[in-house]
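Chemist: To start, I am sharing the structure in question, which I have written as structure tokens.
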Amino acid sequence: MRRRTPTAGLALALFAAVTATLTTTAASAAPGPVTAAPALAAAAPDISVTNVQAHLTQLNTIATNNGGNRRAGSAGYTASVSYVKAKLQAAGYTVTEQVCTTCTYRSNNLIAEWPQGPADQVVMFGAHLDSVSAGPGINDNGSGSATLLENALVLAQQNPSMTKRVRFAWWTDEEQGLNGSEFYVNQLSATQRGYIKGYYNFDMVGSTNGGYFINRLTSTTAAPLKAYWDSLNLQPEENVEGQGRSDDYSFQQAGIPTSGYAAGASARKTSAQATKWGGTANVAYDSCYHRSCDTTSNVSATVLDRSADGVAYAIWQLAVGGGTPTNDFSVAVSPTSGSVARGGSTTATVSTATTSGSAQTVSLSATGAPSGVTVSFSPSSVTSGGSATMTVSTSATATTGTFTITVTGTGSVTRSAAYTLTVTGTGGCTGGQLIGNSSFESGSAPWTASSGVVTNSSSQAARTGSYKAWLDGYGSSHTDTLSQSVSIPAGCSSYTLSFWLHIDTAETTTGTAYDKLTVQVGSTTLATYSNLNAASGYAQRSFNLAAYAGQTVTVKWTGVEDASLQTSFVIDDVTLQVG
């Protein structure tokens, strides 16, 4: 949760609410294991707090391995996105990364949709995934992020029939001013905003001296969240401290109904709240708020468990129907567009997922290709959950222009996805080597580098000439960066980033990566090297950047060295060859 509240002129949108009176068996409000009221327990699955804590352990490890935090735009944040994304994709979600171009730190929102239920009836659940730079951010907001991740995985595992579409979101750059969620909402059309029937936000849901707070407590939107906590006799209160300070505010400003859980941040627990909920009066709900001690030990398992189960209850109440799901699947193409010159070819990946029922055989085909263009698939059929490579080939006389190709999967039902193809004339590719001053012999321009990185020091030999980029090698805690912005033309058949890398180290371990070099294009990590990759001489490293055709991107190397025993990452002869 970000620290500062907005000015008084930014009023919160309040909605009238009617909540049903519930008759349930109350559970003890004292800390400890909780059993939900039988009627509610039967309505939704129990979310394993142990599994949620396992996700938190992973996020804590990611922070430890990346400078101690998961701040938006950092290597720790990128690794957090990769961890969550991999889990969701394996579970069958339609997952997209949205680059936030207006964020303080350019980085990605992660959006995952369970591809079942009406697409114009969406219930959305969100949490910010970034931390502050001071610490790993495990309660703020690993707790909300891990709670939603485990709920998403359980929904996929249960695979119930759906009455509404469920969409999960993990926001970037919240700590800098709600920038990721604001960017997402601003990119929605009026029609797309209308599809979202409610947005639920979860920011700090495991505070060690926590309370039980609900955003817009008396609203209709909040009713299922309140119903679950009422069943535990928790007597929740309005989230006054969090008003306007988390990502639900971005949705409120767009007129979308919102609610959510919170367990409190730096405000102090009152005597009345301590009597009602346990804990210590006149002490902050989270004494490690925005501090380095916000680790896995800074989370209450009891509060986290109650929050996670309340989210599941809300999902089942709002979006899950009865009955046995029919067999169904989804089709997606990545990337969603491509450009190719006459006589050339390009490829994309066609992915399928079982969205309900059992897996089935899906036959792939394509329509909409212009004259002189052929589309083929390898393999031509897959079992839902599998993927195939789509190859688009053009003849020397292919019709030029931009076309929509419809990729169709046929099984017990028919599902499709769109791919935008641009065919250019002969010579449409402006080829060549794009990296400026590729051997560092002409000073530092156009490179952006930490002080001393571009050097002709004789302590490390260049591969060619006298100059090279030498990252780290200090034998103490240190971070060096090297980057260059490059405009990559469209219409070429090959895009190869290549550089020569020499690594030497004083580390003696054969199993622990103490010092690391991360290679990125934009916010995407291409590779990570470490002291474990040390070897004599230079080795060439190459990557295909075809996915970035037509874009201006920043190619970046980040070297992070720990407190002792040097590791040197020496780079020379960097090229980005297109043709």
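Chains: A, B, ... in order of the structure tokens. Residues: from 1 per chain. Ligands: from 1, in order shown.
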Applying 9 Å and only C-alpha atoms, which residues near Arg306 in chain A remain after dropping the ones on its own chain fewer than 4 positions away? List them as a VMD selection string.
Modeler: chain A and resid 34 49 205 228 to 229 232 301 to 302 310 to 311
Chemist: Quick one: residues within 7 Å of range 446-451 of chain A, only C-alpha atoms, excluding same-chain residues fewer than 5 positions away - as a count of residues only?
Modeler: 7
Chemist: Pick out the residues sitting within 7 Å of Phe569 in chain A, and hand them over as a PyMOL selection string; count only C-alpha atoms, and ignore anything fewer than 4 positions along from it in its own chain.
Modeler: chain A and resi 470-472+501-503
Chemist: Save the residues we just selected, all heavy atoms, as a JSON list (two decimals), in the first residue's frame?
Modeler:
[["chain", "number", "residue", "atom", "x", "y", "z"],
["A", 470, "TRP", "N", 33.11, -3.40, -18.17],
["A", 470, "TRP", "CA", 33.47, -4.25, -17.03],
["A", 470, "TRP", "C", 32.51, -3.93, -15.89],
["A", 470, "TRP", "O", 32.58, -2.86, -15.29],
["A", 470, "TRP", "CB", 34.92, -3.97, -16.64],
["A", 470, "TRP", "CG", 35.44, -4.76, -15.48],
["A", 470, "TRP", "CD1", 34.79, -5.69, -14.74],
["A", 470, "TRP", "CD2", 36.77, -4.67, -14.92],
["A", 470, "TRP", "NE1", 35.60, -6.20, -13.76],
["A", 470, "TRP", "CE2", 36.83, -5.59, -13.85],
["A", 470, "TRP", "CE3", 37.89, -3.92, -15.23],
["A", 470, "TRP", "CZ2", 37.97, -5.75, -13.08],
["A", 470, "TRP", "CZ3", 39.03, -4.07, -14.47],
["A", 470, "TRP", "CH2", 39.08, -4.98, -13.40],
["A", 471, "LEU", "N", 31.60, -4.87, -15.61],
["A", 471, "LEU", "CA", 30.61, -4.71, -14.55],
["A", 471, "LEU", "C", 31.07, -5.47, -13.31],
["A", 471, "LEU", "O", 31.49, -6.63, -13.40],
["A", 471, "LEU", "CB", 29.23, -5.21, -14.98],
["A", 471, "LEU", "CG", 28.44, -4.31, -15.95],
["A", 471, "LEU", "CD1", 29.02, -4.39, -17.36],
["A", 471, "LEU", "CD2", 26.96, -4.70, -15.98],
["A", 472, "ASP", "N", 30.97, -4.81, -12.16],
["A", 472, "ASP", "CA", 31.33, -5.37, -10.86],
["A", 472, "ASP", "C", 32.83, -5.67, -10.77],
["A", 472, "ASP", "O", 33.63, -4.98, -11.39],
["A", 472, "ASP", "CB", 30.47, -6.60, -10.54],
["A", 472, "ASP", "CG", 29.00, -6.23, -10.41],
["A", 472, "ASP", "OD1", 28.71, -5.08, -10.02],
["A", 472, "ASP", "OD2", 28.15, -7.08, -10.68],
["A", 501, "LEU", "N", 30.96, -12.49, -23.64],
["A", 501, "LEU", "CA", 30.97, -12.34, -22.18],
["A", 501, "LEU", "C", 32.09, -13.17, -21.58],
["A", 501, "LEU", "O", 32.24, -14.35, -21.87],
["A", 501, "LEU", "CB", 29.62, -12.81, -21.60],
["A", 501, "LEU", "CG", 29.49, -12.83, -20.08],
["A", 501, "LEU", "CD1", 29.63, -11.43, -19.49],
["A", 501, "LEU", "CD2", 28.15, -13.46, -19.68],
["A", 502, "HIS", "N", 32.87, -12.50, -20.72],
["A", 502, "HIS", "CA", 33.89, -13.20, -19.93],
["A", 502, "HIS", "C", 33.55, -13.02, -18.45],
["A", 502, "HIS", "O", 33.25, -11.90, -18.01],
["A", 502, "HIS", "CB", 35.28, -12.64, -20.21],
["A", 502, "HIS", "CG", 36.32, -13.12, -19.22],
["A", 502, "HIS", "ND1", 36.61, -14.45, -19.01],
["A", 502, "HIS", "CD2", 37.11, -12.43, -18.35],
["A", 502, "HIS", "CE1", 37.54, -14.56, -18.07],
["A", 502, "HIS", "NE2", 37.86, -13.35, -17.65],
["A", 503, "ILE", "N", 33.55, -14.11, -17.69],
["A", 503, "ILE", "CA", 33.26, -14.06, -16.27],
["A", 503, "ILE", "C", 34.42, -14.68, -15.52],
["A", 503, "ILE", "O", 34.82, -15.82, -15.80],
["A", 503, "ILE", "CB", 31.96, -14.83, -15.92],
["A", 503, "ILE", "CG1", 30.77, -14.29, -16.71],
["A", 503, "ILE", "CG2", 31.68, -14.76, -14.42],
["A", 503, "ILE", "CD1", 29.50, -15.09, -16.53]]
Chemist: From the set A:Glu182, A:Asp247, A:Asp294, A:Glu241, which residue has the shortest atom-to-atom contact distance to Gly206 in chain A, counting only C-alpha atoms?
Modeler: A:Asp294
Chemist: When you count only C-alpha atoms, which of these residues is closest to Val333 in chain A: A:Ala353, A:Ala254, A:Ile111, A:Ala417?
Modeler: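 Ranked by minimum distance to Val333 in chain A, first place goes to A:Ala417.
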Chemist: Skipping near chain neighbours, those fewer than 5 positions away, what residues fall within 12 Å of Thr280 in chain A using only C-alpha atoms, listed as a ChimeraX atom specification?
Modeler: /A:208-211,268-275,285-287
Chemist: To one decimal place, how far is CA of Asp572 in chain A from CA of Tyr77 in chain A in Å?
Modeler: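 Distance reported for this atom pair: 27.8 Å.
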Chemist: My list of candidates is A:Val99, A:Ala490, A:Ala461, A:Val362. Which is closest to Ile571 in chain A when distances are computed with only C-alpha atoms?
Modeler: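 Smallest separation from Ile571 in chain A among the options: A:Ala461.
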Chemist: Could you pull out all residues of range 309-479 of chain A with a DSSP call of helix (DSSP H, G or I) and give them as a ChimeraX atom specification?
Modeler: /A:309-319
Chemist: Could you turn the residues from that selection into a file that holds C-alpha atoms, as a PDB file, in the first residue's frame?
Modeler:
ATOM      1  CA  ASP A 309     -10.865 -18.249   2.581  1.00  0.00           C
ATOM      2  CA  GLY A 310     -12.970 -15.082   2.369  1.00  0.00           C
ATOM      3  CA  VAL A 311     -11.708 -14.479  -1.162  1.00  0.00           C
ATOM      4  CA  ALA A 312     -12.693 -18.019  -2.156  1.00  0.00           C
ATOM      5  CA  TYR A 313     -16.154 -17.544  -0.675  1.00  0.00           C
ATOM      6  CA  ALA A 314     -16.593 -14.313  -2.662  1.00  0.00           C
ATOM      7  CA  ILE A 315     -15.493 -15.973  -5.918  1.00  0.00           C
ATOM      8  CA  TRP A 316     -17.907 -18.852  -5.444  1.00  0.00           C
ATOM      9  CA  GLN A 317     -20.789 -16.577  -4.466  1.00  0.00           C
ATOM     10  CA  LEU A 318     -20.235 -14.142  -7.313  1.00  0.00           C
ATOM     11  CA  ALA A 319     -19.150 -16.287 -10.241  1.00  0.00           C
TER      12      ALA A 319
END
Chemist: Would you mind reading off the distance between CA of Leu497 in chain A and CA of Gln577 in chain A, one decimal, in Å?
Modeler: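 Here the two named atoms are 6.5 Å from each other.
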Chemist: Rank nothing, just name the residue among A:Tyr538, A:Tyr474, A:Phe403, A:Tyr105 nearest to Gln566 in chain A, using only C-alpha atoms.
Modeler: A:Tyr474
Chemist: What is the distance between CA of Ala265 in chain A and CA of Val132 in chain A, in Å to one decimal?
Modeler: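 About the pair CA of Ala265 in chain A and CA of Val132 in chain A: they are 13.7 Å apart.
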